[in-house]
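**Q** Before I ask anything, here is the structure I am working with.
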Amino acid sequence: MAKRTSWGFDPKLIDTSVRPQDDFYHYAVGTWLKNTKIPESESRWGSFQVLRLKTAKQLHTLLKETEALKKVTPGTPEQMVRDMFRSGMDMKRRNALGTAPMEPVRKKVASIKNQEDLQRVIAELDRLGVAAPWSLYIDQDMKNADRYQLQFFQGGMGLPERDYYLKQDAEQVRVRTAYEAHIEAILKLAGYKADTAREARATIMQIETRLAKVALKREDFRDPEKTYHKHTIPALAKLAPAVDWPLYLKRIGAEVRDVNVIVPKFMEEVNAMLADVSLEDWKTYLDWHVISDFSGMLSSKFVNQNFEFYGKVLSGAQKMQPLWRRVLGTVNGVAGELVGQMYVKKYFSPEAKKKVLMMFADFTTAYEARIRALDWMTPPTKKKAIAKLHAMTRKIGYPDKWRSYKGLVIRPDDYAGNILRAGEFEFKRALRKLAKPVDRTEWYDYPQTVNAFYSPSFNDMLFPAAFLQHPFFELTADDAFNYGAVGMAIGHEMTHGFDNQGALYDLRGNVKNWWLPEDKKRFEAKAQVIKKQFDAFVVEGLNVNGKLTLGENIADLGGLLIAYDAYQLLLARTGRTNIDGFTPEQRFFLAYVLSEHELSRPEARKLQILTNEHAPSVCRVNGPLSNMTEFYEAWGVKKGDKLYKDPAKRAKIW
């Protein structure tokens with residue numbers, strides 16, 4: 001990225017040939033967009049990716065420091081992280097082992113002789129994290145957020161979204177055809193002969209397509225009423241009688257009285273398939289999912305073929321990231337909080353945490369004022385909204401209490417074994433939650449993650465240490481920069497508590513209607529304005545899915561408004577100063593674009609539009625700004641400008 005100035009944004013990024021009133025995105029970062037090439041190993045390149053690379057290099061430095069240690073104590077973070085990294089980097093051993101690491105699991109599949117064996121193996125695969133034909137996890141009960149619950153979800157499909165199996169549009173056909181070729185290629189590497197691999201591919205696609213037909217659409221994931229279906233064990237047995245559920249639960253080690261079946265139709269179809277799909281076809285299908293899940297842990301041949309499909313075809317990347325980055329990703333997955341402890345010790349400043357916490361006070365004040373001023377919400381609902389706002393907790397930087405990894409064995413010469421042991425270790429840890437109340441202090445991501453989060457069931461916001469760096473936050477930067485970048489992220493995550501999904505949860509995180517009917521009706525009507533606006537955006541010949549992206553778009557618009565108001569509160573205390581010819585408000589909006597700018601490959605853009613709840617960056621900038629009177633005033637937007645919308649057509653919720 002271009003060298004930054006003292007206030008956080010480099011005016012050299014600006015393309016002065018573009019009028020900010022017509023296209024603020026390409027005005028603010030147009031020169032960067034013109035002069036930057038996406039690295040061959042990346043499918044997209046921008047604010048998040050640049051910072052993720054910086055963070056990866058910081059972590060790599062830490063790992064190299066552990067390599068230099070002459071002696072480490074077994075079971076310490078340094079030993080576990082070092083040996084996990086060593087095992088992944090040892091490609092000579094991984095290549096020599098070939099398919100050996102997965103053969104014990106494949107033998108379990110091959111040993112299936114009857115329905116009882118089939119169900120036993122499915123349970124064993126669930127413990128290993130092989131999600132076929134369903135996926136299994138433990139999370140909060142959406143309607144009783146103080147307890148944990150076993151959750152069954154759709155799974156067992158190698159493509160990222162159901163429509164890739166079902167639609168005949170050009171992009172879906174392109175990806176599906178490549179996936180079928182990928183299946184054959186991986187199976188051949190695993191020892192299948194060409195004709196057998198071809199037959200197996202047909203069987204696998206038949207089963208996965210059948211599952212896809214009853215899978216929930218991605219845009220429906222955000223509606224908890226469509227994903228909450230509590231079943232007692234007798235009710236589960238009635239829904240899917242082909243499965244011996246008490247025995248299955250015993251095999252996975254779960255003692256429960258009820259579960260959430262997120263997609264009942266999916267489970268009903270699996271039940272039917274257990275009866276009418278042959279055991280040989282099930283064995284072929286399960287063998288494929290074992291091989292597919294293991295392939296990233298194996299030799300270069302498997303890794304390269306995986307990249308050919310999931311990297312090149314789906315995302316458009318030209319070459320793989322270096323081995324150290326790929327292994328680092330696995331180390332984070334296996335021992336994330338161990339790595340996090342090392343990371344924050346060296347790279348995270350207590351002053352940064354203090355500054356961000358101070359900013360939160362302005363945001364809470366600004367949000368409450370917006371709620372009180374709403375003309376469409378009744379006083380009883382306002383009271384509950386304000387209570388929910390004040391109940392939101394903030395997790396900044398790193399956990400107050402670190403997770404224990406005691407008992408997890410990590411060896412320097414057993415990459416796949418380390419991953420399997422870590423997976424089962426986490427599965428057992430999750431199972432133990434079922435007997436305990438929800439731990440609201442727990443972190444659901446790692447300090448070294450470059451992202452920010454809101455959890456509707458915790459009603460909390462999480463800002464990891466790695467996210468609190470430029471271009472999102474800088475301790476010494478201009479306040480306009482921090483309020484426009486990380487500040488907008490704070491407002492964005494806060495607004496997720498009141499978007500089309502978050503608004504369905506109460507202040508404790510329970511799915512519960514806390515709105516009066518007239519409030520909810522007016523809210524939904526206002527949300528539809530945003531949906532229609534984003535439906536009209538076209539990228540790579542595809543329309544943005546306004547329903548799928550609605551929550552993020554509501555959060556973007558609300559987040560910008562709240563961040564702007566919070567910054568005005570700060571300006572009232574500090575006074576106003578122009579920098580580089582820009583007013584404080586103009587700098588605020590420039591900082592926002594810097595935090596959102598991105599280049600991406602055509603394949604990645606298509607994948608994003610078809611599967612991701614976030615709209616492309618240009619839409620996330622020009623879309624909400626075209627609705628903001630505050631932006632119009634800062635940049636002199638008038639009737640006739642391309643970003644101008646008639647006041648009656650502007651979207652406004654918060």
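Note on naming: chains are A, B, ... as they come in the structure tokens, residues start from 1 per chain, ligands start from 1 in the order shown.
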Determine which residues of stretch 414-601 of chain A receive a DSSP assignment of alpha helix (DSSP H), computed from the backbone, and state them as JSON, numbers by chain.
**A** {"A": [415, 416, 417, 418, 419, 420, 421, 422, 423, 424, 425, 426, 427, 428, 429, 430, 431, 432, 433, 479, 480, 481, 482, 483, 484, 486, 487, 488, 489, 490, 491, 492, 493, 494, 495, 496, 517, 518, 519, 520, 521, 522, 523, 524, 525, 526, 527, 528, 529, 530, 531, 532, 533, 534, 535, 550, 551, 552, 553, 554, 555, 556, 557, 558, 559, 560, 561, 562, 563, 564, 565, 566, 567, 568, 569, 570, 571, 572, 573, 574, 584, 585, 586, 587, 588, 589, 590, 591, 592, 593, 594, 595, 596]}
**Q** For A:Tyr446, list every protein, DNA or RNA residue within 12 Å, evaluated using only C-alpha atoms, and leave out those in the same chain fewer than 3 positions away; present the list as a PyMOL selection string.
**A** chain A and resi 329+331-344+395-399+402-403+442-443+449-453+462-467
**Q** Find the residues near A:Thr61: any atom within 12 Å, counting only C-alpha atoms, skip ones fewer than 6 places away on the same chain, and give them as a list in words.
**A**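 The residues that qualify are Lys54, Thr55, Glu67, Ala68, Arg82, Trp324, Arg325, Leu328, Val339, Met342, Tyr343, Lys346 and Tyr347 of chain A.
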**Q** Include N, CA and C atoms and write out the residues we just selected as a PDB file, in the first residue's frame.
**A**
ATOM      1  N   LYS A  54       0.487  -8.777   6.921  1.00  0.00           N
ATOM      2  CA  LYS A  54       1.341  -8.175   7.945  1.00  0.00           C
ATOM      3  C   LYS A  54       1.299  -8.999   9.235  1.00  0.00           C
ATOM      4  N   THR A  55       0.087  -9.383   9.636  1.00  0.00           N
ATOM      5  CA  THR A  55      -0.071 -10.174  10.863  1.00  0.00           C
ATOM      6  C   THR A  55       0.580 -11.541  10.711  1.00  0.00           C
ATOM      7  N   GLU A  67      11.668 -21.587  16.993  1.00  0.00           N
ATOM      8  CA  GLU A  67      12.597 -22.531  16.360  1.00  0.00           C
ATOM      9  C   GLU A  67      13.999 -22.370  16.927  1.00  0.00           C
ATOM     10  N   ALA A  68      14.344 -21.149  17.297  1.00  0.00           N
ATOM     11  CA  ALA A  68      15.705 -20.867  17.764  1.00  0.00           C
ATOM     12  C   ALA A  68      15.923 -21.274  19.222  1.00  0.00           C
ATOM     13  N   ARG A  82       5.585 -24.564  18.239  1.00  0.00           N
ATOM     14  CA  ARG A  82       6.783 -24.879  17.450  1.00  0.00           C
ATOM     15  C   ARG A  82       6.652 -26.216  16.746  1.00  0.00           C
ATOM     16  N   TRP A 324       4.762 -21.649   4.465  1.00  0.00           N
ATOM     17  CA  TRP A 324       4.714 -21.165   5.849  1.00  0.00           C
ATOM     18  C   TRP A 324       3.380 -20.510   6.170  1.00  0.00           C
ATOM     19  N   ARG A 325       2.769 -19.826   5.174  1.00  0.00           N
ATOM     20  CA  ARG A 325       1.473 -19.192   5.439  1.00  0.00           C
ATOM     21  C   ARG A 325       0.368 -20.228   5.545  1.00  0.00           C
ATOM     22  N   LEU A 328       0.829 -21.956   8.838  1.00  0.00           N
ATOM     23  CA  LEU A 328       0.467 -21.023   9.902  1.00  0.00           C
ATOM     24  C   LEU A 328      -1.045 -21.019  10.121  1.00  0.00           C
ATOM     25  N   VAL A 339      -1.091 -19.475  20.216  1.00  0.00           N
ATOM     26  CA  VAL A 339      -0.456 -18.496  19.335  1.00  0.00           C
ATOM     27  C   VAL A 339      -0.848 -17.087  19.784  1.00  0.00           C
ATOM     28  N   MET A 342       1.199 -15.605  22.635  1.00  0.00           N
ATOM     29  CA  MET A 342       2.506 -15.144  22.166  1.00  0.00           C
ATOM     30  C   MET A 342       2.361 -13.840  21.389  1.00  0.00           C
ATOM     31  N   TYR A 343       1.302 -13.736  20.579  1.00  0.00           N
ATOM     32  CA  TYR A 343       1.117 -12.580  19.713  1.00  0.00           C
ATOM     33  C   TYR A 343       0.886 -11.301  20.520  1.00  0.00           C
ATOM     34  N   LYS A 346       3.809  -9.634  22.369  1.00  0.00           N
ATOM     35  CA  LYS A 346       4.813  -8.910  21.598  1.00  0.00           C
ATOM     36  C   LYS A 346       4.245  -7.748  20.790  1.00  0.00           C
ATOM     37  N   TYR A 347       3.009  -7.885  20.283  1.00  0.00           N
ATOM     38  CA  TYR A 347       2.549  -6.935  19.280  1.00  0.00           C
ATOM     39  C   TYR A 347       1.352  -6.071  19.679  1.00  0.00           C
TER      40      TYR A 347
END
**Q** Which residues, written as a PyMOL selection string, have at least one atom at most 10 Å from A:Asp163, with only C-alpha atoms counted and residues fewer than 5 positions away on the same chain left out?
**A** chain A and resi 168-169+172-173+176+209+212-213+215+217-218+610-611
**Q** Take the residues from that selection and put them in a file with N, CA and C atoms, as a PDB file, in the first residue's frame.
**A**
ATOM      1  N   GLN A 168     -28.434 -24.152 -13.698  1.00  0.00           N
ATOM      2  CA  GLN A 168     -27.785 -24.355 -14.998  1.00  0.00           C
ATOM      3  C   GLN A 168     -27.187 -23.051 -15.534  1.00  0.00           C
ATOM      4  N   ASP A 169     -27.061 -22.036 -14.692  1.00  0.00           N
ATOM      5  CA  ASP A 169     -26.430 -20.791 -15.111  1.00  0.00           C
ATOM      6  C   ASP A 169     -24.943 -21.033 -15.364  1.00  0.00           C
ATOM      7  N   GLN A 172     -22.442 -21.489 -12.291  1.00  0.00           N
ATOM      8  CA  GLN A 172     -22.657 -22.728 -11.545  1.00  0.00           C
ATOM      9  C   GLN A 172     -22.206 -23.947 -12.356  1.00  0.00           C
ATOM     10  N   VAL A 173     -22.468 -23.940 -13.654  1.00  0.00           N
ATOM     11  CA  VAL A 173     -22.048 -25.052 -14.511  1.00  0.00           C
ATOM     12  C   VAL A 173     -20.524 -25.116 -14.587  1.00  0.00           C
ATOM     13  N   ARG A 176     -19.301 -26.448 -11.171  1.00  0.00           N
ATOM     14  CA  ARG A 176     -19.724 -27.843 -10.965  1.00  0.00           C
ATOM     15  C   ARG A 176     -18.917 -28.800 -11.837  1.00  0.00           C
ATOM     16  N   THR A 209     -25.947 -33.991  -4.676  1.00  0.00           N
ATOM     17  CA  THR A 209     -27.019 -33.222  -5.317  1.00  0.00           C
ATOM     18  C   THR A 209     -28.342 -33.471  -4.613  1.00  0.00           C
ATOM     19  N   ALA A 212     -28.280 -31.413  -1.618  1.00  0.00           N
ATOM     20  CA  ALA A 212     -28.402 -29.989  -1.948  1.00  0.00           C
ATOM     21  C   ALA A 212     -29.852 -29.584  -2.175  1.00  0.00           C
ATOM     22  N   LYS A 213     -30.647 -30.483  -2.729  1.00  0.00           N
ATOM     23  CA  LYS A 213     -32.043 -30.157  -3.034  1.00  0.00           C
ATOM     24  C   LYS A 213     -32.849 -29.828  -1.780  1.00  0.00           C
ATOM     25  N   ALA A 215     -31.248 -28.697   1.090  1.00  0.00           N
ATOM     26  CA  ALA A 215     -30.443 -27.811   1.930  1.00  0.00           C
ATOM     27  C   ALA A 215     -31.091 -26.436   2.020  1.00  0.00           C
ATOM     28  N   LYS A 217     -31.354 -22.490   1.888  1.00  0.00           N
ATOM     29  CA  LYS A 217     -30.701 -21.444   1.103  1.00  0.00           C
ATOM     30  C   LYS A 217     -29.884 -20.547   2.025  1.00  0.00           C
ATOM     31  N   ARG A 218     -28.776 -20.064   1.494  1.00  0.00           N
ATOM     32  CA  ARG A 218     -27.853 -19.285   2.315  1.00  0.00           C
ATOM     33  C   ARG A 218     -28.513 -18.032   2.905  1.00  0.00           C
ATOM     34  N   LEU A 610     -22.477 -14.895  -5.064  1.00  0.00           N
ATOM     35  CA  LEU A 610     -23.335 -16.079  -4.980  1.00  0.00           C
ATOM     36  C   LEU A 610     -23.401 -16.683  -3.578  1.00  0.00           C
ATOM     37  N   THR A 611     -22.399 -16.407  -2.732  1.00  0.00           N
ATOM     38  CA  THR A 611     -22.336 -17.131  -1.462  1.00  0.00           C
ATOM     39  C   THR A 611     -22.136 -16.260  -0.226  1.00  0.00           C
TER      40      THR A 611
END
**Q** Using only C-alpha atoms, find each residue in stretch 418-497 of chain A having at least one atom no more than 8 Å away from stretch 593-599 of chain A; report its shortest atom-to-atom pair and that distance in Å (one decimal), rows by chain then rising number, as JSON lines.
**A**
{"residue": "A:Pro471", "atom": "CA", "partner": "A:Ser595", "partner_atom": "CA", "distance": 5.8}
{"residue": "A:Phe472", "atom": "CA", "partner": "A:Ser595", "partner_atom": "CA", "distance": 5.8}
{"residue": "A:Ala485", "atom": "CA", "partner": "A:Ser595", "partner_atom": "CA", "distance": 5.5}
{"residue": "A:Val486", "atom": "CA", "partner": "A:Ser595", "partner_atom": "CA", "distance": 7.9}
**Q** Convert the current residue selection to file output with N, CA and C atoms, as a PDB file, in the first residue's frame.
**A**
ATOM      1  N   PRO A 471      -4.970  -0.562   8.396  1.00  0.00           N
ATOM      2  CA  PRO A 471      -5.732   0.663   8.143  1.00  0.00           C
ATOM      3  C   PRO A 471      -7.042   0.787   8.914  1.00  0.00           C
ATOM      4  N   PHE A 472      -7.164   0.058  10.020  1.00  0.00           N
ATOM      5  CA  PHE A 472      -8.395   0.156  10.807  1.00  0.00           C
ATOM      6  C   PHE A 472      -8.226   1.032  12.044  1.00  0.00           C
ATOM      7  N   ALA A 485     -12.629   4.588  10.483  1.00  0.00           N
ATOM      8  CA  ALA A 485     -12.191   3.229  10.157  1.00  0.00           C
ATOM      9  C   ALA A 485     -12.652   2.245  11.230  1.00  0.00           C
ATOM     10  N   VAL A 486     -11.901   2.112  12.321  1.00  0.00           N
ATOM     11  CA  VAL A 486     -12.335   1.171  13.364  1.00  0.00           C
ATOM     12  C   VAL A 486     -13.630   1.653  14.009  1.00  0.00           C
TER      13      VAL A 486
END
**Q** When you draw a straight line from atom CA of A:Gly88 to atom CA of A:Arg127, how long is it in Å?
**A**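 Pair atom CA of A:Gly88 / atom CA of A:Arg127 returns 22.3 Å.
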